[in-house]
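Scroll down for the structure; my scribbles are underneath it.
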Amino acid sequence: MIVFLIVLTTAMALFGAPVFIVLSAFGMIGFWVSDIPQAAIIVDLYNQFANNPLLYTIPLFTCAGYILAESKTSFRIFRLTKSILGLLPGGLAIVALIACAFFTAFTGASGVTIIALGGILFPALREGKYPETFCLGLLTTSGSLGLLFAPSLPVIMYGVIAETSIINLFIAGFIPGILLIGLLSIYSIYTAHRVKVIKKPFQIPEIMAALNDAKWELAIPFMVIIGLFFGFATLGEIAAITVGYALFIEIYIYKDVQLKQVPEIIRQSMSLVGGILIIMGSAYGLTNYMIDAEIPLVILDVMEEYITSKFVFLIALNIFLLIVGCILDIYSAILVVVPLILPIAASYQINPIHLGIIFLTNLEIGYMTPPVGMNLFISSFRFNRPILTLYIASIPFILILFIGLMLITYIPQLSLGLVDYFGFK
């Protein structure tokens with residue numbers, strides 16, 4: 001019966017059953033095999049949710065991201081970065097990288113970024129004489145580029161699950177995030193020089209006009225950073241202020257969003273939050289069984305037998321996480337995998353904050369890794385190109401990001417240097 005249930009649940013997963021059903025089924029089978037009452041799952045869920053004061057920031061930041069996505073924020077950010085960087089070799093491509101990173105940091109979803117900004121950036125890049133393959137690869141990659149920056153929802157979720165300081169994670173993600181953008185910018189400059197793309201003139205009046213147009217939205221990241229890092233407000237208070245501020249400027253200043261649209265925006269954003277919380281509850285049930293069954297310790301014993309070097313363990317960890325990033329969405333991956341790898345990484349003296357940056361960087365890359373990276377399919381739909389074309393277009397960008405991943409993995413101070421200097425104990 002046990003084998004039959006496991007095979008049945010696996011078959012459900014392969015045929016596309018919702019993630020939360022598969023996770024719940026495996027968790028319930030595990031508790032049943034262990035002769036533990038199923039009510040233990042509910043008790044564990046209550047303890048996890050009731051004792052976690054940061055969970056309410058998830059719906060707040062998600063709602064703020066949806067409000068910005070519904071408005072013309074993407075147009076204003078693109079105009080500003082284009083006016084400043086357009087003169088540089090590869091300037092327009094760098095504009096795309098920065099605009100997408102900014103947008104993804106607030107929406108927390110690469111698909112939203114590709115859909116919202118793709119229609120602006122793709123024709124602009126093609127008009128600037130960038131090769132089509134380069135444009136497709138750049139935008140597919142950029143969709144998940146801002147996940148390390150505040151107030152990215154995946155960073156918050158990792159902090160919640162790993163019980164690690166979220167503020168320190170935001171500090172730790174800054175330099176690695178800049179590094180990834182920098183590496184892709186170098187490749188963009190090289191491509192622009194090779195194909196002799198058109199440069200945009202540097203016009204101070206246009207810069208000032210674009211800056212004035214976007215000034216209200218540009219205040220949001222500064223508000224988050226100053227409020228958190230200088231202790232003026234808690235993360236929950238910042239989340240609430242961000243939602244209120246976003247609503248105010250988009251309804252009453254920019255007038256991009258009408259008051260009657262707000263209920264629908266909230267409904268859409270809470271649908272995502274509801275999905276996250278359902279998966280979170282299912283994942284808690286499964287991971288609690290795994291912890292009760294000491295599965296992480298079994299995995300650790302096997303790894304210690306065959307992997308004695310921290311260097312080799314990090315290679316194996318990155319390979320594993322890249323595969324996970326292809327198969328699972330980022331929220332499911334955080335909820336299912338983080339509780340398993342935390343004790344194993346701790347045995348190799350890997351700082352949980354450094355582990356978090358490695359973990360999220362891998363999932364960023366996993367979004368665009370063939371054959372099933374989510375960004376590939378979203379870009380294929382958005383730009384109406386065959387999926388094989390997206391595979392080919394993404395390869396050089398994946399290789400560049402992999403170089404960045406190796407630097408982040410084996411130079412811990414890229415993540416921990418600012419934390420040691422500015423971080424909260």
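Residues are named by chain letter and number: chains run A, B, ... in the order of the structure tokens, numbers start at 1 in each chain, and ligands are numbered from 1 in the order shown.
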Task: All helix (DSSP H, G or I) positions in range 81-310 of chain A, as a PyMOL selection string - done: chain A and resi 81-85+91-107+110-127+132-142+153-162+166-195+204-229+235-253+259-292+295-306+310
- [ ] Name the residues in contact with Leu376 in chain A at a cut-off of 9 Å, using only C-alpha atoms, excluding same-chain residues fewer than 6 positions from it; report them as an MDAnalysis selection string.
- [x] chainID A and resid 140:141 367:370 387 390:391 394
For the interface of range 152-237 of chain A with range 58-65 of chain A (cut-off 8 Å, counting only C-alpha atoms), please tabulate each contacting residue of range 152-237 of chain A alongside its nearest pair of atoms and their separation in Å to one decimal, rows sorted by chain and increasing number, as JSON lines.
```
{"residue": "A:Leu153", "atom": "CA", "partner": "A:Ile58", "partner_atom": "CA", "distance": 6.7}
{"residue": "A:Ile156", "atom": "CA", "partner": "A:Ile58", "partner_atom": "CA", "distance": 7.7}
{"residue": "A:Met157", "atom": "CA", "partner": "A:Ile58", "partner_atom": "CA", "distance": 7.9}
```
Task: Test item: residues at most 10 Å from range 96-99 of chain A, only C-alpha atoms, excluding those fewer than 3 positions along its chain, as a count of residues only - done: 38
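Proximity ranking of A:Gln349, A:Asn168, A:Thr133, A:Asn375 relative to Cys326 in chain A places A:Asn375 first, based on only C-alpha atoms.
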Task: Spatial neighbours of range 243-260 of chain A, max dist 10 Å, only C-alpha atoms, sep filter under 2 positions, as a ChimeraX atom specification - done: /A:59-68,70-73,213-214,216-217,219-220,238-241,262-265
What would the file look like if the residues just selected were written as a JSON list (two decimals), in the first residue's frame with N, CA and C atoms?
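Dumped everything to again-v2.json:
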```json
[["chain", "number", "residue", "atom", "x", "y", "z"],
["A", 59, "PRO", "N", 1.94, 39.50, 1.92],
["A", 59, "PRO", "CA", 0.84, 40.11, 1.15],
["A", 59, "PRO", "C", 1.01, 41.60, 0.92],
["A", 60, "LEU", "N", 1.63, 42.30, 1.87],
["A", 60, "LEU", "CA", 1.78, 43.75, 1.72],
["A", 60, "LEU", "C", 2.75, 44.09, 0.58],
["A", 61, "PHE", "N", 3.93, 43.50, 0.57],
["A", 61, "PHE", "CA", 4.89, 43.79, -0.49],
["A", 61, "PHE", "C", 4.38, 43.28, -1.84],
["A", 62, "THR", "N", 3.67, 42.15, -1.84],
["A", 62, "THR", "CA", 3.11, 41.64, -3.09],
["A", 62, "THR", "C", 2.09, 42.62, -3.66],
["A", 63, "CYS", "N", 1.24, 43.14, -2.81],
["A", 63, "CYS", "CA", 0.23, 44.11, -3.24],
["A", 63, "CYS", "C", 0.91, 45.36, -3.81],
["A", 64, "ALA", "N", 1.95, 45.86, -3.15],
["A", 64, "ALA", "CA", 2.67, 47.03, -3.65],
["A", 64, "ALA", "C", 3.25, 46.76, -5.03],
["A", 65, "GLY", "N", 3.80, 45.58, -5.23],
["A", 65, "GLY", "CA", 4.36, 45.23, -6.53],
["A", 65, "GLY", "C", 3.31, 45.19, -7.62],
["A", 66, "TYR", "N", 2.14, 44.67, -7.30],
["A", 66, "TYR", "CA", 1.05, 44.61, -8.30],
["A", 66, "TYR", "C", 0.54, 46.01, -8.64],
["A", 67, "ILE", "N", 0.51, 46.89, -7.66],
["A", 67, "ILE", "CA", 0.08, 48.27, -7.93],
["A", 67, "ILE", "C", 1.04, 48.93, -8.91],
["A", 68, "LEU", "N", 2.35, 48.78, -8.68],
["A", 68, "LEU", "CA", 3.34, 49.36, -9.57],
["A", 68, "LEU", "C", 3.28, 48.71, -10.96],
["A", 70, "GLU", "N", 0.66, 47.56, -12.42],
["A", 70, "GLU", "CA", -0.56, 47.99, -13.10],
["A", 70, "GLU", "C", -0.43, 49.41, -13.66],
["A", 71, "SER", "N", 0.48, 50.19, -13.10],
["A", 71, "SER", "CA", 0.66, 51.58, -13.52],
["A", 71, "SER", "C", 1.68, 51.66, -14.65],
["A", 72, "LYS", "N", 2.11, 52.88, -14.95],
["A", 72, "LYS", "CA", 3.11, 53.09, -15.99],
["A", 72, "LYS", "C", 4.50, 53.29, -15.40],
["A", 73, "THR", "N", 4.73, 52.67, -14.25],
["A", 73, "THR", "CA", 6.05, 52.75, -13.62],
["A", 73, "THR", "C", 7.15, 52.27, -14.55],
["A", 213, "ASP", "N", 9.75, 63.14, -13.72],
["A", 213, "ASP", "CA", 8.59, 62.30, -13.98],
["A", 213, "ASP", "C", 8.56, 61.07, -13.06],
["A", 214, "ALA", "N", 9.74, 60.53, -12.76],
["A", 214, "ALA", "CA", 9.82, 59.28, -11.99],
["A", 214, "ALA", "C", 10.16, 59.49, -10.52],
["A", 216, "TRP", "N", 8.64, 60.26, -7.78],
["A", 216, "TRP", "CA", 7.83, 59.69, -6.72],
["A", 216, "TRP", "C", 8.08, 58.19, -6.56],
["A", 217, "GLU", "N", 8.27, 57.50, -7.67],
["A", 217, "GLU", "CA", 8.53, 56.06, -7.60],
["A", 217, "GLU", "C", 9.96, 55.77, -7.20],
["A", 219, "ALA", "N", 11.53, 57.24, -5.03],
["A", 219, "ALA", "CA", 11.63, 57.40, -3.57],
["A", 219, "ALA", "C", 11.38, 56.10, -2.83],
["A", 220, "ILE", "N", 10.71, 55.13, -3.48],
["A", 220, "ILE", "CA", 10.33, 53.91, -2.77],
["A", 220, "ILE", "C", 11.54, 53.10, -2.29],
["A", 238, "ILE", "N", 7.37, 49.08, 7.26],
["A", 238, "ILE", "CA", 7.82, 49.52, 5.93],
["A", 238, "ILE", "C", 6.92, 48.95, 4.85],
["A", 239, "ALA", "N", 6.53, 47.68, 5.00],
["A", 239, "ALA", "CA", 5.65, 47.05, 4.01],
["A", 239, "ALA", "C", 4.31, 47.78, 3.92],
["A", 240, "ALA", "N", 3.74, 48.11, 5.08],
["A", 240, "ALA", "CA", 2.46, 48.82, 5.10],
["A", 240, "ALA", "C", 2.59, 50.22, 4.50],
["A", 241, "ILE", "N", 3.66, 50.91, 4.85],
["A", 241, "ILE", "CA", 3.89, 52.26, 4.31],
["A", 241, "ILE", "C", 4.06, 52.20, 2.79],
["A", 262, "VAL", "N", -8.71, 49.26, -7.75],
["A", 262, "VAL", "CA", -7.97, 48.77, -6.58],
["A", 262, "VAL", "C", -8.47, 47.42, -6.09],
["A", 263, "PRO", "N", -9.78, 47.19, -5.96],
["A", 263, "PRO", "CA", -10.23, 45.86, -5.51],
["A", 263, "PRO", "C", -9.73, 44.73, -6.41],
["A", 264, "GLU", "N", -9.71, 44.94, -7.73],
["A", 264, "GLU", "CA", -9.24, 43.90, -8.64],
["A", 264, "GLU", "C", -7.74, 43.68, -8.49],
["A", 265, "ILE", "N", -6.97, 44.77, -8.30],
["A", 265, "ILE", "CA", -5.53, 44.63, -8.09],
["A", 265, "ILE", "C", -5.26, 43.84, -6.82]]
```
TODO: Could you please determine the separation between CA of Thr57 in chain A and CA of Val324 in chain A in Å, to one decimal place?
DONE: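 Computing the Euclidean distance for CA of Thr57 in chain A and CA of Val324 in chain A yields 25.7 Å.
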Task: Pick from A:Asn362, A:Ser34, A:Ser165, A:Ser282, whichever lies nearest to Leu322 in chain A using only C-alpha atoms - done: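 The closest residue to Leu322 in chain A is A:Asn362.
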Task: Best match for closeness to Ser309 in chain A among A:Phe170, A:Ser347, A:Pro176, A:Phe402, counting only C-alpha atoms - done: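 Checking each of A:Phe170, A:Ser347, A:Pro176, A:Phe402 against Ser309 in chain A, counting only C-alpha atoms, the winner is A:Ser347.
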TODO: Could you give me, as a list in words, the residues within 7 Å of Tyr289 in chain A, counting only C-alpha atoms and dropping anything in the same chain fewer than 3 positions from it?
DONE: Gly27, Gly30, Phe31, Gly285, Leu286, Asp292 and Ala293 of chain A
Selected residues, C-alpha atoms, written as a PDB file, in the first residue's frame, please.
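Writing the result to selection.pdb gives the following:
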```pdb
ATOM      1  CA  GLY A  27       3.688  14.590   3.916  1.00  0.00           C
ATOM      2  CA  GLY A  30       5.129  10.033   5.690  1.00  0.00           C
ATOM      3  CA  PHE A  31       3.188  10.721   8.895  1.00  0.00           C
ATOM      4  CA  GLY A 285       3.876  19.383   6.575  1.00  0.00           C
ATOM      5  CA  LEU A 286       6.334  17.552   4.329  1.00  0.00           C
ATOM      6  CA  ASP A 292      11.093  14.037  12.347  1.00  0.00           C
ATOM      7  CA  ALA A 293      12.386  11.146  10.223  1.00  0.00           C
TER       8      ALA A 293
END
```
